[in-house]
Amino acid sequence: MSWTKTHLVGIEDLTLDELETIFRVTTSFKGILTRTVKKVPALRGKTVVNLFLEPSTRTRVAFEMAAKRLSADVVSVMGSASSIVKGETLRDTALNIQALNADIIVIRHTAAGAPAYLSRISSIPIINAGDGAHEHPTQALLDCFTMREHLGDLKGRKVTILGDILFSRVARSNLWALTKLGAEVTVAGPSTLVPSAFKHFGVTVCHDLKTALADADAVMLLRIQHERQAVAHFPSLGEYTSMFGLNKTRASWLKPDAIIMHPGPINRGVEIDSDLADSSRSVILQQVTNGIATRMAVLYLCSGGTPEALGETSDE
Ligand code: CP
């Protein structure tokens, strides 16, 4: 067993052993979610506060469901409805949530580094649910878990991430995770959104779509993150789609058994054709489903749970 961390700030901080521990616990919780009673008492008596200062559907709902499946109480705080709009600082917000006896804070924030900052001042676990363009660790964990379900061991497997890499926290967390797991990763898209600086991750940077797709075992599409782009990085969405959108013709360049992934939200008809998003090779909704067991594993481990003790948890 390899888990000693209290906080989950990013995949960059995790060892391969820690990734494997999360996957092992995720597998156990996924099994529990197929039972008639989809609940274990692992976090009974604890309170998880979801502090979401940026919009979210999948991550917020999955964290809430994960906490409830672990028998925790859950309180959700939305930025627009919190005292942050009255000028309260993030530090004071977090310290007040702690003073209210919360046991875990799950935070999404527009600013890269906000979860890392809170982890330094907090006496309770801080879980990063996405910070600016920095990291989205639980997304990468569920993405890699889903890939392993379809492809097995990712060592030597080829994964192409296509789209707005520059502004994507999902891309960064996946680059850390996939390279630690031994996958061969290509990042692809227009050069303005996929600069050669990404080579420092130990990945291939490719601006030719056919080359990027040809050998891939999995292709992960990313939406254009308009909210993080101060200036346009390409002439128009239509032009992006015509050059880099995944359509039926381009999907035929993929290997027949390659899987299509997307962290969501999808912009149908922009980075991916609607038919492909709904096709049998798309695992997009499986990614979403795996988000619950993955977040259960993270909440459980950061609360001091061990894989060994999981056998002792019983149905309620
Ligand atoms: N993938 C993801 O983070 O989706 P949400 O923004 O809906 O949480």
# chains A, B, ... in the order shown; residues from 1 in each chain; ligands from 1
call {"tool": "select_by_dssp", "arguments": {"residues": "segment 166-238 of chain A", "states": "strand (DSSP E)", "output": "ChimeraX atom specification"}}
result
/A:184-188,204-206,218-221
call {"tool": "residues_near_ligand", "arguments": {"ligand": "ligand 1", "cutoff": "10 Å", "atoms": "only C-alpha atoms and all ligand atoms", "output": "JSON, numbers by chain"}}
result
{"A": [52, 54, 55, 56, 57, 58, 59, 60, 61, 62, 63, 108, 129, 130, 136, 137, 138, 139, 140, 143, 169, 170, 222, 262, 263, 264, 265, 266, 287, 288, 291]}
call {"tool": "closest_residue", "arguments": {"among": "A:Lys39, A:His109, A:Lys86, A:Arg69", "to": "Leu51 of chain A", "atoms": "only C-alpha atoms"}}
result
A:His109
call {"tool": "closest_residue", "arguments": {"among": "A:Ser282, A:Ala297, A:Ala214, A:Gly163", "to": "Ser252 of chain A", "atoms": "only C-alpha atoms"}}
result
A:Ala214
call {"tool": "select_by_dssp", "arguments": {"residues": "segment 59-233 of chain A", "states": "alpha helix (DSSP H)", "output": "VMD selection string"}}
result
chain A and resid 59 to 69 90 to 99 114 to 121 137 to 151 169 to 180 209 to 214
call {"tool": "closest_atom_pairs", "arguments": {"of": "segment 141-238 of chain A", "to": "segment 112-125 of chain A", "cutoff": "12 Å", "atoms": "only C-alpha atoms", "output": "tab-separated table"}}
result
residue	atom	partner	partner_atom	distance
A:Phe167	CA	A:Ala112	CA	11.1
A:Ser168	CA	A:Ala112	CA	11.3
A:Arg169	CA	A:Ala112	CA	9.1
A:Arg172	CA	A:Ala112	CA	12.0
A:Arg228	CA	A:Ala112	CA	11.3
call {"tool": "closest_residue", "arguments": {"among": "A:Val37, A:Glu227, A:His150, A:Asn101", "to": "Ser71 of chain A", "atoms": "only C-alpha atoms"}}
result
A:Val37
call {"tool": "closest_residue", "arguments": {"among": "A:Ala216, A:Ala72, A:Ala309, A:Ala42", "to": "Leu151 of chain A", "atoms": "only C-alpha atoms"}}
result
A:Ala216
call {"tool": "residues_around", "arguments": {"residues": "Ala111 of chain A", "least_positions_apart": "3", "cutoff": "8 Å", "atoms": "only C-alpha atoms", "output": "ChimeraX atom specification"}}
result
/A:114,131-133
call {"tool": "closest_residue", "arguments": {"among": "A:Glu149, A:Asp164, A:Glu308, A:Asp92", "to": "Ala218 of chain A", "atoms": "only C-alpha atoms"}}
result
A:Glu149
call {"tool": "residues_around", "arguments": {"residues": "Lys46 of chain A", "least_positions_apart": "4", "cutoff": "8 Å", "atoms": "only C-alpha atoms", "output": "PyMOL selection string"}}
result
chain A and resi 72-73+102-103
call {"tool": "write_last_selection", "arguments": {"atoms": "N, CA and C atoms", "output": "PDB file, in the first residue's frame"}}
result
ATOM      1  N   ALA A  72     -20.836  10.223   3.938  1.00  0.00           N
ATOM      2  CA  ALA A  72     -20.511  11.545   4.487  1.00  0.00           C
ATOM      3  C   ALA A  72     -21.698  12.478   4.294  1.00  0.00           C
ATOM      4  N   ASP A  73     -21.738  13.548   5.099  1.00  0.00           N
ATOM      5  CA  ASP A  73     -22.668  14.648   4.835  1.00  0.00           C
ATOM      6  C   ASP A  73     -21.977  15.588   3.843  1.00  0.00           C
ATOM      7  N   ALA A 102     -15.952  21.334   9.132  1.00  0.00           N
ATOM      8  CA  ALA A 102     -15.877  20.491   7.930  1.00  0.00           C
ATOM      9  C   ALA A 102     -14.670  19.568   8.067  1.00  0.00           C
ATOM     10  N   ASP A 103     -14.732  18.426   7.409  1.00  0.00           N
ATOM     11  CA  ASP A 103     -13.626  17.459   7.486  1.00  0.00           C
ATOM     12  C   ASP A 103     -12.789  17.422   6.216  1.00  0.00           C
TER      13      ASP A 103
END
call {"tool": "residues_around", "arguments": {"residues": "segment 206-208 of chain A", "least_positions_apart": "4", "cutoff": "7 Å", "atoms": "only C-alpha atoms", "output": "MDAnalysis selection string"}}
result
chainID A and resid 186:191 212
call {"tool": "write_last_selection", "arguments": {"atoms": "all heavy atoms", "output": "compact mmCIF listing (two decimals), in the first residue's frame"}}
result
# COMPACT_ATOMS: atom_id res chain seq x y z
N THR A 186 0.99 11.91 -27.45
CA THR A 186 1.14 12.96 -28.46
C THR A 186 0.12 14.05 -28.15
O THR A 186 -1.05 13.74 -27.88
CB THR A 186 0.87 12.40 -29.87
OG1 THR A 186 1.87 11.43 -30.17
CG2 THR A 186 0.90 13.50 -30.93
N VAL A 187 0.57 15.30 -28.15
CA VAL A 187 -0.39 16.41 -28.04
C VAL A 187 -0.48 17.06 -29.42
O VAL A 187 0.53 17.28 -30.09
CB VAL A 187 0.02 17.43 -26.96
CG1 VAL A 187 -0.21 16.87 -25.58
CG2 VAL A 187 1.47 17.89 -27.10
N ALA A 188 -1.72 17.32 -29.84
CA ALA A 188 -1.93 17.78 -31.22
C ALA A 188 -2.95 18.90 -31.26
O ALA A 188 -3.82 19.02 -30.40
CB ALA A 188 -2.42 16.61 -32.07
N GLY A 189 -2.82 19.71 -32.33
CA GLY A 189 -3.72 20.84 -32.51
C GLY A 189 -2.96 21.96 -33.18
O GLY A 189 -1.81 21.77 -33.60
N PRO A 190 -3.57 23.14 -33.28
CA PRO A 190 -2.86 24.26 -33.90
C PRO A 190 -1.65 24.68 -33.06
O PRO A 190 -1.69 24.56 -31.83
CB PRO A 190 -3.92 25.38 -33.95
CG PRO A 190 -4.99 24.97 -33.01
CD PRO A 190 -4.94 23.49 -32.86
N SER A 191 -0.62 25.18 -33.71
CA SER A 191 0.62 25.49 -32.98
C SER A 191 0.41 26.58 -31.93
O SER A 191 1.12 26.62 -30.92
CB SER A 191 1.72 25.91 -33.96
OG SER A 191 1.27 26.99 -34.73
N ALA A 212 -1.02 12.42 -36.05
CA ALA A 212 -1.36 12.33 -34.62
C ALA A 212 -2.39 11.24 -34.34
O ALA A 212 -2.40 10.65 -33.26
CB ALA A 212 -1.87 13.68 -34.12
call {"tool": "closest_residue", "arguments": {"among": "A:Leu213, A:Leu8, A:Leu142, A:Ile105", "to": "Ile292 of chain A", "atoms": "only C-alpha atoms"}}
result
A:Leu142
call {"tool": "atom_distance", "arguments": {"atom1": "atom CA of Ala66 of chain A", "atom2": "atom CA of Thr21 of chain A"}}
result
17.6 Å
call {"tool": "residues_around", "arguments": {"residues": "Ala251 of chain A", "least_positions_apart": "2", "cutoff": "12 Å", "atoms": "only C-alpha atoms", "output": "mmCIF file with C-alpha atoms, in the first residue's frame"}}
result
data_model
loop_
_atom_site.group_PDB
_atom_site.id
_atom_site.type_symbol
_atom_site.label_atom_id
_atom_site.label_comp_id
_atom_site.auth_asym_id
_atom_site.auth_seq_id
_atom_site.Cartn_x
_atom_site.Cartn_y
_atom_site.Cartn_z
ATOM 1 C CA LEU A 209 -3.739 15.607 -37.542
ATOM 2 C CA LYS A 210 -3.384 12.489 -39.700
ATOM 3 C CA ALA A 212 -1.357 12.328 -34.621
ATOM 4 C CA LEU A 213 -4.343 10.021 -35.083
ATOM 5 C CA ALA A 214 -2.807 7.167 -37.071
ATOM 6 C CA ASP A 215 -1.230 5.099 -34.263
ATOM 7 C CA ALA A 216 -3.384 6.173 -31.323
ATOM 8 C CA ALA A 218 -7.008 6.398 -27.491
ATOM 9 C CA VAL A 219 -7.744 9.916 -28.665
ATOM 10 C CA LEU A 221 -10.533 15.604 -27.446
ATOM 11 C CA PHE A 244 -8.818 19.991 -36.281
ATOM 12 C CA GLY A 245 -12.386 18.884 -35.516
ATOM 13 C CA LEU A 246 -12.827 15.107 -35.325
ATOM 14 C CA ASN A 247 -15.295 14.075 -38.013
ATOM 15 C CA LYS A 248 -16.156 10.785 -39.724
ATOM 16 C CA THR A 249 -13.389 11.083 -42.336
ATOM 17 C CA TRP A 253 -7.604 7.481 -39.864
ATOM 18 C CA LEU A 254 -7.766 5.946 -36.364
ATOM 19 C CA LYS A 255 -7.144 2.260 -35.707
ATOM 20 C CA PRO A 256 -10.496 0.385 -35.747
ATOM 21 C CA ASP A 257 -10.348 -0.353 -32.015
ATOM 22 C CA ALA A 258 -9.134 3.080 -30.873
ATOM 23 C CA ILE A 259 -11.362 4.660 -28.262
ATOM 24 C CA ILE A 260 -12.635 8.254 -28.332
ATOM 25 C CA ILE A 272 -16.134 16.511 -32.299
ATOM 26 C CA ASP A 273 -19.009 15.573 -34.583
ATOM 27 C CA ASP A 275 -22.392 11.244 -34.309
ATOM 28 C CA LEU A 276 -18.878 10.352 -33.142
ATOM 29 C CA ALA A 277 -19.548 11.547 -29.607
ATOM 30 C CA SER A 279 -20.796 6.297 -31.389
ATOM 31 C CA ARG A 281 -16.184 3.796 -29.911
ATOM 32 C CA SER A 282 -16.910 6.777 -27.659
#
call {"tool": "atom_distance", "arguments": {"atom1": "atom CA of Lys180 of chain A", "atom2": "atom CA of Ala67 of chain A"}}
result
27.7 Å
call {"tool": "decode", "arguments": {"residues": "segment 121-274 of chain A", "atoms": "C-alpha atoms", "output": "CSV table (one decimal), in the first residue's frame"}}
result
chain,number,residue,atom,x,y,z
A,121,ILE,CA,-2.8,26.7,5.6
A,122,SER,CA,-5.4,24.0,6.1
A,123,SER,CA,-5.6,21.4,8.9
A,124,ILE,CA,-8.1,19.3,6.9
A,125,PRO,CA,-7.7,17.6,3.5
A,126,ILE,CA,-7.9,19.8,0.4
A,127,ILE,CA,-8.9,18.2,-2.9
A,128,ASN,CA,-8.3,20.0,-6.1
A,129,ALA,CA,-11.4,19.8,-8.4
A,130,GLY,CA,-9.7,21.9,-11.1
A,131,ASP,CA,-7.6,25.1,-10.7
A,132,GLY,CA,-7.3,27.5,-13.6
A,133,ALA,CA,-5.2,25.9,-16.4
A,134,HIS,CA,-3.0,24.1,-13.8
A,135,GLU,CA,-4.4,20.7,-12.9
A,136,HIS,CA,-7.6,18.7,-12.7
A,137,PRO,CA,-6.2,15.6,-11.0
A,138,THR,CA,-9.4,13.6,-10.4
A,139,GLN,CA,-10.3,14.0,-14.1
A,140,ALA,CA,-7.0,12.5,-15.2
A,141,LEU,CA,-7.4,9.7,-12.7
A,142,LEU,CA,-10.8,8.8,-14.1
A,143,ASP,CA,-9.5,9.2,-17.6
A,144,CYS,CA,-6.6,6.8,-17.0
A,145,PHE,CA,-8.8,4.4,-15.1
A,146,THR,CA,-11.2,4.3,-18.1
A,147,MET,CA,-8.3,3.8,-20.5
A,148,ARG,CA,-7.0,0.9,-18.4
A,149,GLU,CA,-10.5,-0.7,-18.5
A,150,HIS,CA,-10.4,-0.7,-22.3
A,151,LEU,CA,-6.6,-1.0,-23.1
A,152,GLY,CA,-5.2,-2.8,-20.1
A,153,ASP,CA,-1.7,-1.7,-18.9
A,154,LEU,CA,-1.0,1.7,-20.4
A,155,LYS,CA,2.8,1.1,-20.7
A,156,GLY,CA,3.7,1.6,-24.4
A,157,ARG,CA,0.1,2.5,-25.3
A,158,LYS,CA,-0.3,5.5,-27.6
A,159,VAL,CA,-2.6,8.3,-26.4
A,160,THR,CA,-3.3,11.4,-28.5
A,161,ILE,CA,-4.7,14.5,-26.8
A,162,LEU,CA,-6.1,16.9,-29.4
A,163,GLY,CA,-7.3,20.4,-29.0
A,164,ASP,CA,-6.7,23.4,-26.7
A,165,ILE,CA,-3.7,21.9,-24.8
A,166,LEU,CA,-2.3,25.3,-23.8
A,167,PHE,CA,-5.2,26.3,-21.5
A,168,SER,CA,-6.2,22.8,-20.4
A,169,ARG,CA,-5.8,21.6,-16.8
A,170,VAL,CA,-7.2,18.3,-18.0
A,171,ALA,CA,-4.3,18.0,-20.5
A,172,ARG,CA,-1.7,18.9,-17.9
A,173,SER,CA,-2.9,16.4,-15.3
A,174,ASN,CA,-3.2,13.7,-18.0
A,175,LEU,CA,0.3,14.4,-19.3
A,176,TRP,CA,1.6,13.8,-15.7
A,177,ALA,CA,-0.5,10.7,-15.2
A,178,LEU,CA,0.0,9.1,-18.6
A,179,THR,CA,3.8,9.6,-18.7
A,180,LYS,CA,4.1,8.2,-15.2
A,181,LEU,CA,2.1,5.1,-16.3
A,182,GLY,CA,4.4,4.6,-19.3
A,183,ALA,CA,2.1,5.7,-22.1
A,184,GLU,CA,3.4,7.3,-25.3
A,185,VAL,CA,1.6,10.6,-25.5
A,186,THR,CA,1.1,13.0,-28.5
A,187,VAL,CA,-0.4,16.4,-28.0
A,188,ALA,CA,-1.9,17.8,-31.2
A,189,GLY,CA,-3.7,20.8,-32.5
A,190,PRO,CA,-2.9,24.3,-33.9
A,191,SER,CA,0.6,25.5,-33.0
A,192,THR,CA,-0.9,28.5,-31.1
A,193,LEU,CA,-2.6,26.1,-28.7
A,194,VAL,CA,0.0,23.3,-28.8
A,195,PRO,CA,3.4,25.0,-28.4
A,196,SER,CA,6.6,23.0,-28.6
A,197,ALA,CA,7.3,23.9,-24.9
A,198,PHE,CA,5.0,20.9,-24.1
A,199,LYS,CA,7.9,18.6,-25.1
A,200,HIS,CA,9.3,19.1,-21.6
A,201,PHE,CA,6.6,16.7,-20.4
A,202,GLY,CA,8.3,14.0,-22.4
A,203,VAL,CA,5.6,13.9,-25.1
A,204,THR,CA,5.5,14.4,-28.8
A,205,VAL,CA,4.1,17.7,-30.1
A,206,CYS,CA,2.4,17.2,-33.5
A,207,HIS,CA,0.5,19.7,-35.7
A,208,ASP,CA,-0.4,17.2,-38.4
A,209,LEU,CA,-3.7,15.6,-37.5
A,210,LYS,CA,-3.4,12.5,-39.7
A,211,THR,CA,0.0,11.6,-38.1
A,212,ALA,CA,-1.4,12.3,-34.6
A,213,LEU,CA,-4.3,10.0,-35.1
A,214,ALA,CA,-2.8,7.2,-37.1
A,215,ASP,CA,-1.2,5.1,-34.3
A,216,ALA,CA,-3.4,6.2,-31.3
A,217,ASP,CA,-5.0,3.6,-29.0
A,218,ALA,CA,-7.0,6.4,-27.5
A,219,VAL,CA,-7.7,9.9,-28.7
A,220,MET,CA,-8.9,12.5,-26.1
A,221,LEU,CA,-10.5,15.6,-27.4
A,222,LEU,CA,-10.5,18.9,-25.6
A,223,ARG,CA,-12.9,21.8,-26.0
A,224,ILE,CA,-11.6,25.3,-26.7
A,225,GLN,CA,-11.3,27.1,-23.3
A,226,HIS,CA,-12.6,30.5,-24.3
A,227,GLU,CA,-13.0,31.5,-20.7
A,228,ARG,CA,-9.2,31.3,-20.3
A,229,GLN,CA,-8.1,32.9,-23.6
A,230,ALA,CA,-7.6,36.7,-23.3
A,231,VAL,CA,-7.0,36.8,-27.1
A,232,ALA,CA,-8.1,34.5,-29.9
A,233,HIS,CA,-5.6,31.8,-30.8
A,234,PHE,CA,-7.2,31.0,-34.1
A,235,PRO,CA,-9.3,32.9,-36.6
A,236,SER,CA,-12.7,31.4,-35.8
A,237,LEU,CA,-14.4,28.3,-34.4
A,238,GLY,CA,-15.4,27.3,-37.9
A,239,GLU,CA,-11.8,27.4,-39.0
A,240,TYR,CA,-10.7,25.3,-36.0
A,241,THR,CA,-13.3,22.7,-36.8
A,242,SER,CA,-12.3,22.6,-40.4
A,243,MET,CA,-8.7,22.1,-39.5
A,244,PHE,CA,-8.8,20.0,-36.3
A,245,GLY,CA,-12.4,18.9,-35.5
A,246,LEU,CA,-12.8,15.1,-35.3
A,247,ASN,CA,-15.3,14.1,-38.0
A,248,LYS,CA,-16.2,10.8,-39.7
A,249,THR,CA,-13.4,11.1,-42.3
A,250,ARG,CA,-10.7,11.8,-39.8
A,251,ALA,CA,-12.0,9.1,-37.4
A,252,SER,CA,-11.3,6.7,-40.3
A,253,TRP,CA,-7.6,7.5,-39.9
A,254,LEU,CA,-7.8,5.9,-36.4
A,255,LYS,CA,-7.1,2.3,-35.7
A,256,PRO,CA,-10.5,0.4,-35.7
A,257,ASP,CA,-10.3,-0.4,-32.0
A,258,ALA,CA,-9.1,3.1,-30.9
A,259,ILE,CA,-11.4,4.7,-28.3
A,260,ILE,CA,-12.6,8.3,-28.3
A,261,MET,CA,-12.6,10.2,-25.1
A,262,HIS,CA,-13.6,13.7,-23.9
A,263,PRO,CA,-13.6,15.1,-20.4
A,264,GLY,CA,-16.7,17.2,-21.1
A,265,PRO,CA,-18.4,19.5,-21.5
A,266,ILE,CA,-18.6,18.7,-25.3
A,267,ASN,CA,-19.1,21.4,-27.9
A,268,ARG,CA,-20.8,19.2,-30.4
A,269,GLY,CA,-19.9,20.1,-34.0
A,270,VAL,CA,-16.8,22.0,-32.9
A,271,GLU,CA,-14.1,19.7,-31.6
A,272,ILE,CA,-16.1,16.5,-32.3
A,273,ASP,CA,-19.0,15.6,-34.6
A,274,SER,CA,-22.2,14.7,-32.7
